[in-house]
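Source file: my_file-v4.cif. Holds: mmCIF, C-alpha atoms and all ligand atoms.
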data_my_file
loop_
_atom_site.label_atom_id
_atom_site.label_comp_id
_atom_site.auth_asym_id
_atom_site.auth_seq_id
_atom_site.Cartn_x
_atom_site.Cartn_y
_atom_site.Cartn_z
CA MET A 12 5.73 0.36 7.27
CA ILE A 13 5.48 -1.95 10.28
CA TYR A 14 2.03 -2.00 11.95
CA LEU A 15 2.42 -2.61 15.69
CA LYS A 16 -0.64 -4.22 17.29
CA THR A 17 -2.08 -3.61 20.74
CA PRO A 18 -2.37 -6.61 23.11
CA ASP A 19 -6.11 -6.46 22.46
CA GLN A 20 -5.63 -6.65 18.70
CA ILE A 21 -3.25 -9.59 19.13
CA GLU A 22 -5.97 -11.40 21.10
CA GLN A 23 -8.25 -10.78 18.11
CA MET A 24 -5.77 -12.65 15.89
CA ARG A 25 -6.10 -15.85 17.92
CA PRO A 26 -9.23 -17.27 16.23
CA ALA A 27 -7.62 -17.01 12.77
CA CYS A 28 -4.41 -18.58 14.04
CA ASP A 29 -6.22 -21.36 15.89
CA LEU A 30 -8.30 -22.13 12.80
CA VAL A 31 -5.28 -22.35 10.50
CA SER A 32 -3.69 -24.78 12.98
CA ARG A 33 -6.88 -26.86 13.18
CA THR A 34 -7.00 -26.88 9.38
CA LEU A 35 -3.53 -28.43 9.19
CA GLY A 36 -4.71 -31.00 11.75
CA GLU A 37 -7.72 -31.80 9.56
CA VAL A 38 -5.60 -32.14 6.41
CA ALA A 39 -3.16 -34.36 8.35
CA LYS A 40 -5.93 -36.97 8.73
CA TRP A 41 -6.09 -37.39 4.94
CA ILE A 42 -2.42 -37.43 3.97
CA ALA A 43 -1.64 -40.93 2.71
CA PRO A 44 -0.51 -42.68 -0.46
CA GLY A 45 -3.25 -42.58 -3.12
CA VAL A 46 -4.77 -39.23 -2.17
CA THR A 47 -4.70 -36.36 -4.69
CA THR A 48 -3.53 -32.95 -3.61
CA ARG A 49 -6.77 -31.52 -5.07
CA LYS A 50 -8.72 -33.60 -2.55
CA LEU A 51 -6.65 -32.15 0.30
CA ASP A 52 -7.40 -28.66 -0.98
CA ALA A 53 -11.16 -29.32 -1.09
CA ILE A 54 -11.10 -30.66 2.48
CA ALA A 55 -9.22 -27.62 3.75
CA CYS A 56 -11.46 -25.13 1.93
CA GLU A 57 -14.62 -26.71 3.32
CA PHE A 58 -13.19 -27.01 6.84
CA ILE A 59 -12.18 -23.34 6.94
CA ARG A 60 -15.58 -22.15 5.72
CA ASP A 61 -17.48 -24.51 8.04
CA ASN A 62 -15.58 -22.93 10.93
CA GLY A 63 -16.37 -19.33 10.03
CA GLY A 64 -13.11 -18.52 8.28
CA LYS A 65 -12.09 -17.49 4.81
CA PRO A 66 -9.38 -19.26 2.79
CA ALA A 67 -7.14 -16.24 2.33
CA CYS A 68 -4.84 -17.72 -0.33
CA LEU A 69 -7.77 -18.41 -2.67
CA GLY A 70 -7.75 -15.52 -5.14
CA TYR A 71 -4.85 -13.74 -3.44
CA GLU A 72 -3.01 -12.03 -6.32
CA GLY A 73 -4.58 -14.69 -8.52
CA PHE A 74 -3.49 -17.73 -6.46
CA PRO A 75 -5.99 -20.45 -7.49
CA ALA A 76 -6.47 -22.51 -4.30
CA THR A 77 -6.80 -22.72 -0.52
CA LEU A 78 -3.60 -24.67 0.04
CA CYS A 79 -0.08 -24.19 -1.21
CA ILE A 80 1.09 -27.75 -1.97
CA GLU A 81 4.80 -28.51 -1.72
CA VAL A 82 5.59 -32.07 -2.87
CA ASN A 83 9.25 -33.18 -2.70
CA GLU A 84 11.23 -30.65 -4.80
CA THR A 85 8.48 -28.01 -4.71
CA VAL A 86 9.68 -25.24 -2.41
CA VAL A 87 6.56 -23.06 -2.12
CA HIS A 88 3.26 -22.02 -3.73
CA GLY A 89 2.54 -25.26 -5.60
CA PHE A 90 -0.99 -25.66 -6.98
CA PRO A 91 -3.26 -28.51 -5.90
CA SER A 92 -3.65 -30.93 -8.81
CA GLY A 93 -4.51 -34.47 -9.84
CA TYR A 94 -1.13 -35.63 -8.50
CA THR A 95 -1.59 -38.71 -6.32
CA LEU A 96 0.60 -38.91 -3.22
CA ARG A 97 3.06 -41.81 -3.13
CA GLU A 98 4.81 -43.64 -0.33
CA GLY A 99 8.11 -41.85 0.35
CA ASP A 100 6.92 -38.38 -0.74
CA ILE A 101 7.04 -35.37 1.53
CA ILE A 102 4.30 -32.76 1.29
CA GLY A 103 4.34 -29.27 2.72
CA ILE A 104 0.91 -27.79 3.38
CA ASP A 105 1.04 -24.00 3.66
CA THR A 106 -2.10 -21.92 4.08
CA VAL A 107 -3.54 -18.71 5.43
CA VAL A 108 -6.90 -18.28 7.15
CA GLU A 109 -8.75 -15.00 7.59
CA LYS A 110 -11.16 -14.74 10.52
CA ASP A 111 -12.67 -11.64 12.13
CA GLY A 112 -10.55 -9.53 9.75
CA TRP A 113 -7.22 -11.00 10.88
CA MET A 114 -4.84 -13.51 9.29
CA GLY A 115 -3.14 -16.67 10.55
CA ASP A 116 -0.44 -18.31 8.40
CA GLN A 117 1.14 -21.72 8.98
CA CYS A 118 2.99 -24.53 7.22
CA TYR A 119 3.89 -28.11 8.09
CA THR A 120 5.81 -30.61 5.96
CA PHE A 121 4.49 -34.17 6.32
CA PRO A 122 6.10 -37.48 5.43
CA VAL A 123 3.86 -39.73 3.31
CA GLY A 124 4.23 -43.28 4.64
CA GLU A 125 7.83 -44.46 5.04
CA VAL A 126 10.27 -41.74 4.01
CA ASP A 127 14.01 -42.08 3.37
CA GLU A 128 16.00 -41.38 6.55
CA LYS A 129 18.04 -38.63 4.86
CA VAL A 130 14.84 -36.82 3.90
CA MET A 131 13.45 -37.26 7.42
CA ALA A 132 16.62 -35.60 8.72
CA LEU A 133 15.91 -32.61 6.42
CA LEU A 134 12.39 -32.35 7.86
CA ARG A 135 13.64 -32.51 11.45
CA THR A 136 16.36 -29.93 10.87
CA THR A 137 13.95 -27.52 9.16
CA LYS A 138 11.43 -27.83 12.00
CA GLU A 139 14.22 -27.32 14.54
CA ALA A 140 15.39 -24.28 12.55
CA LEU A 141 11.95 -22.76 13.02
CA ALA A 142 12.28 -23.29 16.79
CA VAL A 143 15.77 -21.74 16.70
CA GLY A 144 14.37 -18.73 14.82
CA ILE A 145 11.57 -18.33 17.37
CA GLU A 146 14.12 -18.54 20.20
CA ALA A 147 16.10 -15.71 18.55
CA CYS A 148 12.96 -13.59 18.19
CA ARG A 149 13.13 -11.48 21.36
CA VAL A 150 12.26 -7.88 22.17
CA GLY A 151 15.30 -5.69 21.76
CA LYS A 152 17.01 -7.99 19.28
CA ARG A 153 16.84 -7.50 15.51
CA ILE A 154 15.28 -9.36 12.61
CA GLY A 155 18.81 -10.24 11.42
CA ASP A 156 19.32 -12.17 14.66
CA ILE A 157 16.46 -14.47 13.65
CA SER A 158 17.81 -14.73 10.09
CA SER A 159 21.37 -15.56 11.06
CA ALA A 160 20.29 -18.11 13.70
CA VAL A 161 18.13 -20.00 11.18
CA GLN A 162 20.80 -19.86 8.48
CA ALA A 163 23.63 -21.03 10.72
CA TYR A 164 21.57 -23.89 12.13
CA CYS A 165 20.77 -25.25 8.65
CA GLU A 166 24.07 -24.59 6.89
CA ARG A 167 26.07 -26.22 9.71
CA ARG A 168 24.12 -29.40 8.97
CA GLY A 169 24.89 -29.23 5.25
CA TYR A 170 21.59 -27.84 3.98
CA SER A 171 20.97 -24.64 2.04
CA ILE A 172 18.59 -21.73 2.54
CA VAL A 173 16.24 -20.48 -0.16
CA ARG A 174 16.75 -16.76 -0.81
CA GLU A 175 13.77 -15.87 -3.01
CA MET A 176 11.07 -16.10 -0.30
CA CYS A 177 11.11 -14.91 3.29
CA GLY A 178 9.00 -14.77 6.42
CA HIS A 179 7.01 -11.60 6.95
CA GLY A 180 4.88 -9.47 9.19
CA ILE A 181 1.19 -10.37 9.42
CA GLY A 182 -2.03 -8.89 10.79
CA ARG A 183 -4.99 -7.59 8.83
CA GLY A 184 -2.77 -8.25 5.82
CA MET A 185 -1.26 -11.61 4.92
CA HIS A 186 2.11 -10.07 4.12
CA GLU A 187 3.09 -6.99 6.10
CA ASP A 188 6.49 -5.48 6.88
CA PRO A 189 9.04 -6.40 8.02
CA SER A 190 10.45 -9.09 5.77
CA VAL A 191 11.97 -11.94 7.84
CA PRO A 192 14.69 -13.60 5.72
CA ASN A 193 16.04 -17.01 6.65
CA TYR A 194 19.57 -15.81 5.94
CA GLY A 195 21.35 -12.68 7.09
CA ARG A 196 23.56 -11.04 9.66
CA ARG A 197 23.26 -10.72 13.40
CA GLY A 198 22.57 -7.21 14.63
CA CYS A 199 21.10 -6.10 11.28
CA GLY A 200 17.55 -5.24 10.25
CA PRO A 201 14.59 -3.78 12.15
CA LEU A 202 14.43 -3.88 15.95
CA ILE A 203 12.01 -6.43 17.37
CA LYS A 204 9.35 -4.59 19.38
CA ASN A 205 6.24 -5.29 21.43
CA GLY A 206 3.22 -5.37 19.11
CA MET A 207 5.03 -7.00 16.19
CA CYS A 208 3.33 -10.03 14.61
CA LEU A 209 5.70 -12.12 12.52
CA CYS A 210 5.72 -15.28 10.45
CA ILE A 211 8.96 -17.22 10.58
CA GLU A 212 9.14 -19.81 7.79
CA PRO A 213 12.42 -21.52 6.94
CA MET A 214 12.52 -23.02 3.44
CA VAL A 215 15.45 -25.42 3.45
CA ASN A 216 16.93 -27.45 0.59
CA MET A 217 18.78 -30.75 0.72
CA GLY A 218 20.93 -29.73 -2.27
CA SER A 219 21.75 -26.28 -3.64
CA LYS A 220 19.85 -23.14 -2.69
CA ASN A 221 18.88 -22.43 -6.31
CA VAL A 222 15.23 -22.50 -7.31
CA VAL A 223 13.23 -22.07 -10.51
CA PHE A 224 9.71 -20.73 -10.99
CA GLU A 225 7.13 -22.26 -13.31
CA PRO A 226 5.78 -19.99 -16.07
CA ASN A 227 2.68 -19.34 -13.90
CA GLY A 228 4.98 -17.28 -11.66
CA TRP A 229 3.89 -19.08 -8.47
CA GLU A 230 5.11 -22.64 -8.33
CA CYS A 231 8.70 -22.78 -7.19
CA ARG A 232 10.96 -25.86 -7.10
CA THR A 233 14.59 -26.64 -6.46
CA ARG A 234 16.74 -26.37 -9.57
CA ASP A 235 18.47 -29.69 -8.81
CA ARG A 236 15.11 -31.34 -8.00
CA LYS A 237 16.36 -32.44 -4.59
CA PRO A 238 13.81 -32.17 -1.75
CA SER A 239 12.93 -28.99 0.12
CA ALA A 240 11.20 -28.61 3.50
CA HIS A 241 9.16 -25.78 5.02
CA TYR A 242 7.63 -25.10 8.45
CA GLU A 243 5.97 -21.90 9.61
CA HIS A 244 4.40 -20.31 12.69
CA THR A 245 2.62 -17.00 13.26
CA LEU A 246 4.08 -15.22 16.32
CA ALA A 247 3.22 -12.13 18.34
CA ILE A 248 5.39 -10.12 20.71
CA VAL A 249 3.45 -8.95 23.76
CA ASP A 250 4.73 -7.72 27.14
CA ASP A 251 8.29 -8.64 26.16
CA GLN A 252 7.20 -12.23 25.47
CA THR A 253 7.19 -14.04 22.11
CA LEU A 254 3.91 -15.96 21.77
CA GLU A 255 3.25 -18.70 19.23
CA LEU A 256 -0.25 -17.92 17.96
CA THR A 257 -0.27 -21.05 15.77
CA THR A 258 0.42 -24.54 17.11
CA PHE A 259 1.40 -27.94 15.70
CA GLU A 260 -0.57 -29.61 18.52
CA TYR A 261 -3.50 -30.62 16.25
CA VAL A 262 -1.08 -32.15 13.74
CA ARG A 263 0.77 -33.94 16.53
CA GLN A 264 -2.47 -35.50 17.82
CA VAL A 265 -3.21 -36.91 14.36
CA LEU A 266 0.30 -38.07 13.45
CA GLN A 267 1.25 -39.46 16.88
CA ASP A 268 4.45 -41.50 16.34
CA ARG A 269 4.76 -40.16 12.76
CA TYR A 270 5.01 -36.60 14.10
CA VAL A 271 8.27 -35.04 12.91
N1 LIG B 301 2.98 -18.78 3.86
C1 LIG B 301 2.83 -18.41 2.48
C2 LIG B 301 3.49 -17.09 2.24
O1 LIG B 301 3.70 -16.36 3.17
C3 LIG B 301 1.37 -18.35 2.13
C4 LIG B 301 1.15 -17.94 0.72
S1 LIG B 301 -0.50 -17.93 0.32
C5 LIG B 301 -0.56 -17.41 -1.31
O2 LIG B 301 3.88 -16.77 1.13
F1 LIG B 301 -1.77 -17.10 -1.56
F2 LIG B 301 0.24 -16.39 -1.49
F3 LIG B 301 -0.13 -18.39 -2.03
CO CO B 302 3.90 -17.01 5.29
#
If you convert what's in this file into C-alpha cells, what do you get?
Amino acid sequence: MIYLKTPDQIEQMRPACDLVSRTLGEVAKWIAPGVTTRKLDAIACEFIRDNGGKPACLGYEGFPATLCIEVNETVVHGFPSGYTLREGDIIGIDTVVEKDGWMGDQCYTFPVGEVDEKVMALLRTTKEALAVGIEACRVGKRIGDISSAVQAYCERRGYSIVREMCGHGIGRGMHEDPSVPNYGRRGCGPLIKNGMCLCIEPMVNMGSKNVVFEPNGWECRTRDRKPSAHYEHTLAIVDDQTLELTTFEYVRQVLQDRYV
C-alpha cells in the first residue's frame, strides 16, 4: 500500500532529511586512513541525538548500529567494527534519521585518501546513475522508468546492478511501498504520483552482480570481492515537481576538491 503525503506532510519530512544530510557531512570530516568504522558510528549517533533526532537504523529489525558501513566489496548493511580505514579504500555511509515522526534516508560513498582511478570511475558513475534515476522520476511516468534508466546508465559503462536490494517508499516508515528497483523495464510498475516520497539508491558493482550475505543476515558483499558503490537520496513529488529532500551539499563543503 502506497501512502501518499500531503504537501504539508512533506514539509514535515524536511527536518529529518536535513539532519540525515548534515550527519553525512559530519561523518565526512572524520573519514581518513587510521579511523575505525566504530568511531564513525559513535560520531553519527551522538550528532543525530544532539540535534533532536533518533538514529532509526539502531535496533531496526535487530540492526546493531546507527550507520550502515560499506567498505570496498561490502554492498550494504555492513556493521561498524574495529576495522581501520586504509588509503585507497572506499566507504559507503548509509543511514536513516527519524525526526518529528518522519524518516530521512541517505547514502554517500567516500574515497579514503588516494583511490585507484578505476574505482573512482565506479563512484562517479554510481552517483551519476542516482541523478539519472531522479531525472526519470516524474509525475505520470512509472517506477520502471526510473529502474530502466539507472540500469541502462550503469550497464552501458560495464558495471552491474545488484538485484537483492532496492530503493523504496519512505515517510513515517523507513521502508514503505513502492519498491524502487535499480533494474527493470520502462513503462512498468506503479504510476508516479504527487504525494509519493521515494528513496532512489543505486547499488552498483565493478564486477558481477552476484552478492553473498554473512550469516548474520545483514552484511552483504560482492561474491567476487570487487568493489561496490552506493548513493541515495530521499525525494518527494509535490505539485508535479520532484524535490530532493536530502542534499550532498554538506558533504561537498567538507570534501571540496575530493568531492566525487
Ligand atoms: N538505506 C538503507 C535501506 O534502505 C538503510 C538501512 S538501515 C537498516 O535499506 F537499519 F536497515 F540497516
Ligand atoms: Co534506503
Output the neighbourhood of ligand CO 302 (chain B) as a ChimeraX atom specification, that is, all protein and nucleic acid residues with some atom at most 7 Å from the ligand, counting only C-alpha atoms and all ligand atoms. /A:116-117,178-179,210,212,243
For ligand LIG 301 (chain B), return the neighbouring residues as a PyMOL selection string (distance at most 6 Å; only C-alpha atoms and all ligand atoms). chain A and resi 68+71+74+79+88+105-107+116
Show me the residues close to (16.5, -30.3, -4.9) - anything with an atom within 7 Å, counting only C-alpha atoms - and format the list as a PyMOL selection string. chain A and resi 84+216-219+233-239
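Considering all atoms listed in the file, the residue among A:Thr120, A:Gln23, A:Thr85, A:Asn62 positioned nearest to A:Ile101 is A:Thr120.
For the pair atom CA of A:Arg232 and atom CA of A:Ala27, the interatomic distance is 28.6 Å.
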Please, what distance in Å, to one decimal, runs between atom CA of A:Val161 and atom CA of A:Met185? 22.0 Å
Atom CA of A:Arg197 to atom CA of A:Ser159, straight-line distance in Å: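 Computing it gives 5.7 Å between the two atoms.
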Which residue gives the smallest distance to A:Cys208 among A:Val191, A:Cys118, A:Ala76, A:Ala53, with only C-alpha atoms counted?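 Selected residue with least distance to A:Cys208: A:Val191.
If you measure from each of A:Leu254, A:Ile211, A:Cys56, A:Cys165 to A:Leu134 using all atoms listed in the file, the closest one turns out to be A:Cys165.
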Within 8 Å of A:Val271, counting only C-alpha atoms, which residues show up once you throw out same-chain ones fewer than 5 positions away? Write them as a list in words, please.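 My list of contacting residues is Phe121, Met131, Leu134, Arg135 and Lys138 of chain A.
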Shell around stretch 35-52 of chain A at 7 Å using all atoms listed in the file, local window under 2 positions removed, as an NGL selection string: :A and (31-33 or 54-56 or 77-78 or 91-98 or 123-124 or 261-262 or 265)
Taking C-alpha atoms for each residue, export the selection above as a compact mmCIF listing (two decimals), in the frame of the given file.
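Listed below is the output, selection29.txt:
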# COMPACT_ATOMS: atom_id res chain seq x y z
CA VAL A 31 -5.28 -22.35 10.50
CA SER A 32 -3.69 -24.78 12.98
CA ARG A 33 -6.88 -26.86 13.18
CA ILE A 54 -11.10 -30.66 2.48
CA ALA A 55 -9.22 -27.62 3.75
CA CYS A 56 -11.46 -25.13 1.93
CA THR A 77 -6.80 -22.72 -0.52
CA LEU A 78 -3.60 -24.67 0.04
CA PRO A 91 -3.26 -28.51 -5.90
CA SER A 92 -3.65 -30.93 -8.81
CA GLY A 93 -4.51 -34.47 -9.84
CA TYR A 94 -1.13 -35.63 -8.50
CA THR A 95 -1.59 -38.71 -6.32
CA LEU A 96 0.60 -38.91 -3.22
CA ARG A 97 3.06 -41.81 -3.13
CA GLU A 98 4.81 -43.64 -0.33
CA VAL A 123 3.86 -39.73 3.31
CA GLY A 124 4.23 -43.28 4.64
CA TYR A 261 -3.50 -30.62 16.25
CA VAL A 262 -1.08 -32.15 13.74
CA VAL A 265 -3.21 -36.91 14.36
Excluding same-chain residues fewer than 6 positions from A:Gly63, what lies within 10 Å of it counting all atoms listed in the file, as a PyMOL selection string? chain A and resi 26-27+30+108-111
Show me as a ChimeraX atom specification the residues that reach within 10 Å of (18.6, -4.4, 10.3), counting only C-alpha atoms and using the file's own coordinates. /A:152-156,195-203
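The closest residue to A:Ile80, picked from A:Trp229, A:Ser158, A:Thr245, A:Ala140 and counting all atoms listed in the file, is A:Trp229.
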Contacts of A:Arg25 at 9 Å or less, counting all atoms listed in the file, minus same-chain residues fewer than 4 places along, as a VMD selection string? chain A and resid 21 29 to 30 113 115 256 to 257
Return the padded bounding box of stretch 224-232 of chain A as JSON: axis-aligned, built from all atoms listed in the file, 5 Å added on each side, with centre and edge lengths in Å to one decimal.
{"center_x": 6.8, "center_y": -21.6, "center_z": -11.6, "size_x": 18.3, "size_y": 18.6, "size_z": 19.0}
